[in-house]
$ cat model_26.cif   # mmCIF, C-alpha atoms
data_protein
#
loop_
_atom_site.label_atom_id
_atom_site.label_comp_id
_atom_site.auth_asym_id
_atom_site.auth_seq_id
_atom_site.Cartn_x
_atom_site.Cartn_y
_atom_site.Cartn_z
CA MET A 458 -1.44 58.16 51.65
CA THR A 459 -1.74 61.94 51.71
CA ASN A 460 -1.56 63.88 48.47
CA HIS A 461 0.43 67.04 49.04
CA PRO A 462 -0.26 69.99 46.76
CA PRO A 463 2.79 70.92 44.70
CA ASP A 464 5.35 73.01 46.54
CA PRO A 465 5.79 76.34 44.72
CA ASP A 466 9.31 76.66 46.14
CA ALA A 467 10.49 73.13 45.25
CA ASP A 468 12.37 74.02 42.09
CA LEU A 469 14.03 77.04 43.66
CA VAL A 470 15.14 75.05 46.71
CA LEU A 471 16.65 72.33 44.52
CA ARG A 472 18.60 74.98 42.63
CA VAL A 473 19.78 76.53 45.89
CA GLY A 474 20.90 73.08 46.98
CA SER A 475 22.98 72.71 43.85
CA GLY A 476 24.69 76.04 44.48
CA ASP A 477 22.86 78.22 41.97
CA GLN A 478 23.72 81.80 42.96
CA ALA A 479 20.66 83.29 41.25
CA ALA A 480 18.41 80.86 43.11
CA VAL A 481 20.03 81.80 46.43
CA GLN A 482 19.21 85.43 45.76
CA ALA A 483 15.69 84.63 44.57
CA LEU A 484 14.92 82.53 47.65
CA MET A 485 16.22 85.26 49.91
CA ALA A 486 14.11 87.88 48.13
CA ARG A 487 11.05 85.66 48.44
CA LYS A 488 11.47 84.47 52.03
CA LEU A 489 13.46 86.97 54.06
CA PRO A 490 10.68 89.63 54.19
CA ARG A 491 8.17 86.89 55.03
CA MET A 492 10.24 85.47 57.88
CA LEU A 493 11.05 88.94 59.18
CA ALA A 494 7.36 89.89 59.24
CA LEU A 495 6.44 86.68 61.04
CA ALA A 496 9.10 87.14 63.71
CA ARG A 497 8.40 90.87 64.09
CA ARG A 498 4.72 90.30 64.80
CA MET A 499 5.37 87.33 67.06
CA LEU A 500 8.09 89.02 69.11
CA GLY A 501 7.18 92.70 68.82
CA ASP A 502 10.86 93.60 68.66
CA ALA A 503 12.62 94.63 65.45
CA SER A 504 16.12 93.61 66.50
CA GLU A 505 15.12 90.17 67.77
CA ALA A 506 13.02 89.65 64.66
CA GLU A 507 16.06 90.33 62.47
CA ASP A 508 18.07 87.75 64.41
CA VAL A 509 15.34 85.15 63.96
CA ALA A 510 14.88 85.89 60.25
CA GLN A 511 18.63 85.64 59.69
CA GLU A 512 18.84 82.32 61.53
CA VAL A 513 15.93 80.87 59.54
CA MET A 514 17.62 81.83 56.26
CA VAL A 515 20.93 80.35 57.34
CA ARG A 516 19.19 77.10 58.24
CA ALA A 517 17.46 77.20 54.85
CA TRP A 518 20.86 77.39 53.13
CA ARG A 519 21.98 74.36 55.12
CA GLN A 520 18.75 72.45 54.53
CA ALA A 521 18.46 73.03 50.79
CA PRO A 522 21.07 70.47 49.59
CA THR A 523 19.31 67.64 51.44
CA TRP A 524 15.70 68.85 51.02
CA GLN A 525 13.32 66.09 49.94
CA PRO A 526 10.44 67.53 47.87
CA GLY A 527 7.05 65.98 48.58
CA THR A 528 7.42 65.66 52.33
CA ALA A 529 6.28 69.16 53.32
CA ARG A 530 6.26 72.58 51.73
CA PHE A 531 9.57 74.39 52.21
CA ASP A 532 7.64 77.48 53.29
CA SER A 533 5.94 75.44 56.05
CA TRP A 534 9.30 74.11 57.18
CA MET A 535 10.66 77.67 57.35
CA HIS A 536 7.62 78.80 59.33
CA LYS A 537 8.13 75.93 61.77
CA VAL A 538 11.78 76.86 62.28
CA ALA A 539 10.87 80.53 62.73
CA LEU A 540 8.10 79.78 65.22
CA ASN A 541 10.38 77.54 67.27
CA LEU A 542 13.00 80.28 67.39
CA CYS A 543 10.35 82.83 68.37
CA TYR A 544 9.05 80.62 71.16
CA ASP A 545 12.60 80.07 72.45
CA ARG A 546 13.00 83.84 72.70
CA LEU A 547 9.57 84.37 74.25
CA ARG A 548 10.41 81.69 76.85
CA ARG A 549 13.71 83.39 77.64
CA GLN A 550 11.89 86.72 78.02
CA ARG A 551 9.51 85.13 80.54
CA GLU A 552 12.33 83.46 82.46
CA ARG A 553 14.41 86.63 82.62
CA PRO A 554 14.38 87.84 86.23
CA MET A 555 12.24 90.91 86.65
CA ALA A 556 13.74 94.12 87.92
CA GLU A 557 13.17 95.03 91.56
CA PRO A 558 9.54 96.03 92.07
CA PRO A 559 9.18 99.75 92.70
CA ASP A 560 8.64 100.84 96.32
CA GLN A 561 6.19 103.53 95.31
CA ILE A 562 3.43 103.66 92.81
CA ASP A 563 4.73 105.13 89.58
CA PRO A 564 3.34 108.68 89.42
CA GLY A 565 3.69 108.71 85.62
CA PRO A 566 0.80 108.37 83.21
CA ALA A 567 -1.19 105.12 83.20
CA PRO A 568 -0.21 102.63 80.46
CA ASP A 569 -3.35 103.38 78.48
CA ALA A 570 -2.49 107.06 78.48
CA GLY A 571 0.60 106.24 76.45
CA LEU A 572 -1.44 104.16 74.07
CA LEU A 573 -3.93 106.97 73.61
CA GLY A 574 -1.25 109.16 72.13
CA MET A 575 -0.17 106.54 69.62
CA GLU A 576 -0.89 106.43 65.93
CA ILE A 577 -3.57 103.88 65.08
CA LYS A 578 -1.02 101.55 63.48
CA ASP A 579 1.02 101.59 66.68
CA GLN A 580 -2.14 100.85 68.64
CA VAL A 581 -2.77 97.84 66.44
CA GLU A 582 0.81 96.68 67.00
CA ALA A 583 0.42 97.11 70.75
CA ALA A 584 -2.93 95.33 70.71
CA ILE A 585 -1.45 92.35 68.88
CA ALA A 586 1.51 92.27 71.26
CA SER A 587 -0.92 92.17 74.19
CA LEU A 588 -2.66 89.00 72.96
CA PRO A 589 -1.91 85.63 74.55
CA GLU A 590 0.85 83.95 72.52
CA ARG A 591 -1.30 81.25 70.92
CA GLN A 592 -4.00 83.71 69.82
CA ARG A 593 -1.30 85.96 68.42
CA GLU A 594 0.30 83.05 66.59
CA ALA A 595 -3.04 82.02 65.05
CA ILE A 596 -3.76 85.54 63.81
CA VAL A 597 -0.23 86.07 62.52
CA LEU A 598 -0.26 82.79 60.60
CA CYS A 599 -3.76 83.10 59.12
CA HIS A 600 -4.18 86.83 58.65
CA TYR A 601 -0.68 88.14 58.01
CA GLN A 602 1.17 85.11 56.64
CA GLU A 603 -1.97 84.06 54.74
CA LEU A 604 -1.59 80.36 55.48
CA GLY A 605 -4.58 78.10 54.98
CA ASN A 606 -6.38 76.84 58.06
CA ILE A 607 -5.13 73.25 57.67
CA GLU A 608 -1.51 74.35 57.29
CA ALA A 609 -1.72 76.80 60.20
CA ALA A 610 -3.36 74.20 62.43
CA ALA A 611 -0.70 71.65 61.52
CA LEU A 612 2.08 74.13 62.34
CA MET A 613 0.46 74.86 65.70
CA GLN A 614 -0.18 71.13 66.25
CA ILE A 615 -3.86 71.70 66.97
CA SER A 616 -7.14 70.83 65.26
CA VAL A 617 -8.79 73.20 62.79
CA GLU A 618 -11.60 73.70 65.31
CA ALA A 619 -9.10 74.75 67.98
CA LEU A 620 -7.48 77.12 65.47
CA GLU A 621 -10.85 78.72 64.71
CA SER A 622 -11.47 79.17 68.40
CA LEU A 623 -8.10 80.88 68.90
CA LEU A 624 -8.74 83.13 65.89
CA SER A 625 -12.20 84.14 67.11
CA ARG A 626 -11.02 84.86 70.63
CA GLY A 627 -8.02 86.76 69.34
CA ARG A 628 -10.08 88.90 66.99
CA ARG A 629 -12.67 89.61 69.70
CA ALA A 630 -9.91 90.69 72.08
CA LEU A 631 -8.37 92.93 69.42
CA ARG A 632 -11.72 94.50 68.60
CA LEU A 633 -12.37 95.20 72.27
CA HIS A 634 -8.87 96.55 72.88
CA LEU A 635 -8.93 98.84 69.85
CA SER A 636 -12.48 100.08 70.36
CA LEU A 637 -11.75 100.90 74.00
CA LEU A 638 -8.70 102.89 73.00
CA ASN A 639 -10.59 104.75 70.32
CA ASN A 640 -13.49 105.49 72.68
CA ARG A 641 -11.09 106.88 75.26
CA ARG A 642 -9.35 108.92 72.62
CA LEU A 643 -12.69 110.36 71.48
CA GLU A 644 -13.61 111.11 75.11
CA GLY A 645 -10.28 112.86 75.50
CA LEU A 646 -10.96 114.99 72.43
CA ALA A 647 -14.48 115.92 73.59
CA MET B 1474 -24.66 76.71 55.94
CA THR B 1475 -26.41 78.17 58.94
CA PRO B 1476 -26.19 81.89 59.70
CA GLU B 1477 -24.44 80.99 62.96
CA ARG B 1478 -21.72 79.13 61.08
CA PHE B 1479 -21.33 82.05 58.67
CA GLU B 1480 -20.90 84.38 61.63
CA GLN B 1481 -18.36 82.05 63.27
CA LEU B 1482 -16.29 81.94 60.08
CA ALA B 1483 -16.40 85.72 59.68
CA GLU B 1484 -15.31 86.11 63.29
CA ALA B 1485 -12.42 83.69 62.84
CA TYR B 1486 -11.15 84.40 59.34
CA GLY B 1487 -12.39 87.92 58.67
CA SER B 1488 -14.34 89.44 55.82
CA ASP B 1489 -12.34 88.12 52.87
CA LEU B 1490 -13.86 84.81 51.80
CA ARG B 1491 -10.58 83.84 50.12
CA ARG B 1492 -9.16 83.39 53.63
CA TRP B 1493 -11.99 81.06 54.62
CA PRO B 1494 -11.62 77.28 54.45
CA PRO B 1495 -12.12 76.36 50.78
CA VAL B 1496 -14.64 73.65 51.71
CA GLU B 1497 -16.93 76.30 53.20
CA GLU B 1498 -16.77 78.80 50.38
CA ALA B 1499 -19.54 77.42 48.12
CA ASN B 1500 -22.02 77.20 51.01
CA ALA B 1501 -21.05 80.67 52.18
CA GLN B 1502 -21.66 82.13 48.72
CA ARG B 1503 -25.06 80.42 48.63
CA LEU B 1504 -26.01 82.01 51.96
CA ARG B 1505 -24.87 85.39 50.68
CA GLN B 1506 -27.32 85.05 47.80
CA GLU B 1507 -30.12 83.96 50.12
CA ARG B 1508 -29.54 86.62 52.80
CA PRO B 1509 -27.55 89.41 51.15
CA ILE B 1510 -28.24 92.17 53.69
CA TRP B 1511 -27.53 90.14 56.80
CA THR B 1512 -24.37 88.55 55.38
CA ARG B 1513 -23.13 91.94 54.18
CA GLU B 1514 -23.55 93.42 57.66
CA CYS B 1515 -21.75 90.45 59.12
CA LEU B 1516 -18.83 90.80 56.69
CA ASP B 1517 -18.70 94.58 57.08
CA SER B 1518 -18.30 94.18 60.80
CA ALA B 1519 -15.38 91.80 60.26
CA ALA B 1520 -13.93 94.12 57.61
CA ASP B 1521 -13.59 96.94 60.14
CA LEU B 1522 -11.10 94.88 62.11
CA ASP B 1523 -9.39 93.62 58.94
CA ASP B 1524 -8.79 97.22 57.91
CA LEU B 1525 -7.23 98.03 61.27
CA LEU B 1526 -5.04 94.92 61.16
CA SER B 1527 -3.79 95.85 57.72
CA LEU B 1528 -2.30 99.02 59.19
CA TYR B 1529 0.34 96.95 60.99
CA ARG B 1530 2.96 96.71 58.30
CA VAL B 1531 6.48 95.46 58.87
CA GLU B 1532 9.34 97.32 57.23
CA ALA B 1533 11.23 95.58 54.45
CA PRO B 1534 14.48 93.88 55.53
CA SER B 1535 17.34 96.32 55.87
CA MET B 1536 20.26 96.24 53.48
CA ALA B 1537 22.49 95.19 56.38
CA LEU B 1538 20.29 92.18 57.16
CA GLY B 1539 20.23 91.16 53.51
CA GLU B 1540 24.01 91.42 53.37
CA ARG B 1541 24.42 89.32 56.53
CA VAL B 1542 22.17 86.61 55.11
CA MET B 1543 24.00 86.59 51.79
CA ALA B 1544 27.33 86.50 53.61
CA MET B 1545 26.23 83.15 55.03
CA ALA B 1546 25.10 81.86 51.64
CA PRO B 1547 28.40 82.28 49.75
CA ARG B 1548 30.05 79.80 52.12
CA LEU B 1549 27.81 77.24 50.57
CA GLN B 1550 28.76 78.58 47.17
CA ARG B 1551 32.48 78.45 47.96
CA SER B 1552 32.26 74.90 49.22
CA LEU B 1553 30.37 73.86 46.11
CA TRP B 1554 32.79 75.72 43.88
CA SER B 1555 35.68 74.11 45.72
CA LYS B 1556 34.17 70.70 45.16
CA LEU B 1557 33.65 71.46 41.50
CA LEU B 1558 37.16 72.85 41.26
CA GLY B 1559 38.52 69.69 42.85
CA GLU B 1560 36.74 67.66 40.19
CA TRP B 1561 38.10 69.88 37.45
CA ARG B 1562 41.60 69.48 38.88
CA GLY B 1563 41.05 65.72 38.95
CA TRP B 1564 40.04 65.79 35.31
CA GLY B 1565 43.03 68.00 34.50
CA MET B 1566 45.44 65.66 36.25
CA GLY B 1567 43.84 62.68 34.53
CA LEU B 1568 44.14 64.28 31.15
CA ALA B 1569 47.72 65.31 31.86
CA ALA B 1570 48.57 61.77 32.96
CA ALA B 1571 46.92 60.38 29.87
CA GLY B 1572 48.91 62.89 27.83
CA VAL B 1573 52.21 61.88 29.40
CA ALA B 1574 51.41 58.25 28.85
CA GLY B 1575 50.47 59.01 25.29
CA LEU B 1576 53.64 61.02 24.82
CA MET B 1577 55.74 58.14 26.03
CA VAL B 1578 53.96 55.79 23.69
CA GLY B 1579 54.45 58.30 20.93
CA ILE B 1580 58.18 58.63 21.58
CA GLY B 1581 58.48 54.89 21.67
CA SER B 1582 56.59 54.71 18.46
CA VAL B 1583 58.82 57.31 16.79
CA SER B 1584 61.90 55.53 17.93
CA LEU B 1585 60.54 52.40 16.38
CA MET B 1586 59.71 54.40 13.26
CA MET B 1587 56.07 53.35 13.69
CA ALA B 1588 54.52 56.75 14.38
CA ASP B 1589 51.08 57.27 13.04
CA GLN B 1590 48.45 59.97 13.27
CA SER B 1591 46.96 58.61 16.49
CA THR B 1592 50.08 59.79 18.29
CA ASP B 1593 49.39 63.35 17.18
CA VAL B 1594 45.92 63.06 18.60
CA THR B 1595 47.32 61.81 21.91
CA VAL B 1596 49.86 64.62 22.11
CA ALA B 1597 47.12 67.10 21.32
CA SER B 1598 45.04 65.58 24.12
CA ALA B 1599 47.94 66.01 26.49
CA LEU B 1600 48.24 69.66 25.58
CA ASP B 1601 44.48 70.09 25.97
CA GLY B 1602 44.68 68.40 29.34
CA GLN B 1603 47.38 70.78 30.47
CA SER B 1604 45.31 73.66 29.22
CA VAL B 1605 42.24 72.56 31.22
CA TYR B 1606 44.40 72.06 34.29
CA SER B 1607 45.98 75.50 33.92
CA GLU B 1608 42.56 77.10 33.62
CA ALA B 1609 41.33 75.24 36.67
CA VAL B 1610 44.36 76.35 38.69
CA ALA B 1611 43.94 79.91 37.49
CA PHE B 1612 40.26 79.76 38.49
CA GLY B 1613 41.29 78.43 41.88
CA ALA B 1614 43.62 81.35 42.34
CA GLU B 1615 40.80 83.74 41.50
CA GLU B 1616 38.50 82.01 43.97
CA LYS B 1617 41.06 82.37 46.75
CA LEU B 1618 41.27 86.06 45.98
#

$ encode --input "model_26.cif" --output "structure tokens"
Amino acid sequence: MTNHPPDPDADLVLRVGSGDQAAVQALMARKLPRMLALARRMLGDASEAEDVAQEVMVRAWRQAPTWQPGTARFDSWMHKVALNLCYDRLRRQRERPMAEPPDQIDPGPAPDAGLLGMEIKDQVEAAIASLPERQREAIVLCHYQELGNIEAAALMQISVEALESLLSRGRRALRLHLSLLNNRRLEGLA
Amino acid sequence: MTPERFEQLAEAYGSDLRRWPPVEEANAQRLRQERPIWTRECLDSAADLDDLLSLYRVEAPSMALGERVMAMAPRLQRSLWSKLLGEWRGWGMGLAAAGVAGLMVGIGSVSLMMADQSTDVTVASALDGQSVYSEAVAFGAEEKL
């Protein structure tokens, strides 16, 4: 039998389930920014992230009256719902037919040239968006959502060792990406 | 903990030991005491990336998003209120029925010249019942508004 640590949201969720208006507002204040941040960093699109965050909250309202404390943390359940919704959207993006390939090589600036002009925070955003999905997910869950390694690995349905590998590869790729951009920017300034 | 393991953990979880697996923390702290310069360099290197990552902040939810989410929540509230209201109406009807029954008993009792104080209590209950019912109906009207 597994001993689950106490769920810090359990009381609030029970109150939401019984129709407590103050609890509804408190849960929204606690979780909506968290779900929005998760979706934003996973999808890289503000509008789609809002749709996902809204859907997760609506499902939370529906789930609360029948929520059984002790099975899983409510926050983990919300993360799982959000990740599934994000992956549905990422899959749809991949399946969307691409526009006609251009006949000529685009004479505009190379993609990196655009990145060079960005603020550092935008470079970080672009670097995270460029990661493979699983590496991005690992970094978003552990670094930004501050989940423990066991919880993050469980959400991703992988071992802790596999999670560590994804995190290391992701961070190495980010370091390389960001250092290359900064080097090129410095070269451009010289 | 070996230095290689320390490096692996810093590469995976970053420079903040609070993000590291709790089971590794005591051994990591011991290695920091044994090799302070090397472990500091290792953590500083990880901290550079942590600092960059922390620049990627997501804006707070917009007012419009908050309003949309709350607009979904009150449906739950309304349905719960409706259920509660239904129960209140049930109680009101029950009390009213009990009151009517009591009233009839009371009238019968008066006609038989056997009225006693319990009848007054029953009549009072009937009036209370009507009062509760009226309040519940009035509340229902407010809810519909």

$ interface_residues --input "model_26.cif" --of "chain A" --to "chain B" --cutoff "6 Å" --atoms "all atoms listed in the file" --output "CSV table (one decimal) with C-alpha atoms, keeping the file's coordinate frame"
chain,number,residue,atom,x,y,z
A,476,GLY,CA,24.7,76.0,44.5
A,490,PRO,CA,10.7,89.6,54.2
A,494,ALA,CA,7.4,89.9,59.2
A,511,GLN,CA,18.6,85.6,59.7
A,578,LYS,CA,-1.0,101.6,63.5
A,621,GLU,CA,-10.8,78.7,64.7
A,624,LEU,CA,-8.7,83.1,65.9
A,625,SER,CA,-12.2,84.1,67.1

$ atom_distance --input "model_26.cif" --atom1 "CA of Leu631 (chain A)" --atom2 "CA of Ala1499 (chain B)"
28.6 Å

$ resolve_selection --input "model_26.cif" --expression "the PyMOL selection byres ((chain A and resi 468-473) around 8)" --output "VMD selection string"
chain A and resid 465 to 467 474 to 478 480 to 481 483 to 484 518 521 to 522 524 531

$ residues_around --input "model_26.cif" --residues "Val617 (chain A)" --least-positions-apart "2" --cutoff "12 Å" --atoms "all atoms listed in the file" --output "count of residues only"
24

$ resolve_selection --input "model_26.cif" --expression "the PyMOL selection byres ((chain B and resi 1510-1517) around 9)" --output "ChimeraX atom specification"
/B:1476,1479-1480,1483-1484,1487-1489,1504-1506,1508-1509,1518-1521

$ closest_residue --input "model_26.cif" --among "A:Ser636, A:Glu618, A:Val597, A:Ala630" --to "Arg498 (chain A)" --atoms "all atoms listed in the file"
A:Val597

$ closest_residue --input "model_26.cif" --among "A:Met535, A:Ala529, A:Leu635, A:Ala517" --to "Asp464 (chain A)" --atoms "all atoms listed in the file"
A:Ala529

$ resolve_selection --input "model_26.cif" --expression "the PyMOL selection byres ((chain A and resi 501) around 12)" --output "PyMOL selection string"
(chain A and resi 493-500+502-507+543+546-547+550+579+581-588+590+593+597) or (chain B and resi 1529+1531)

$ atom_distance --input "model_26.cif" --atom1 "CA of Asn1500 (chain B)" --atom2 "CA of Arg626 (chain A)"
23.8 Å

$ atom_distance --input "model_26.cif" --atom1 "CA of Glu1477 (chain B)" --atom2 "CA of Gln602 (chain A)"
26.7 Å

$ closest_residue --input "model_26.cif" --among "A:Lys488, A:Met575, A:Arg519, A:Arg591" --to "His536 (chain A)" --atoms "all atoms listed in the file"
A:Lys488
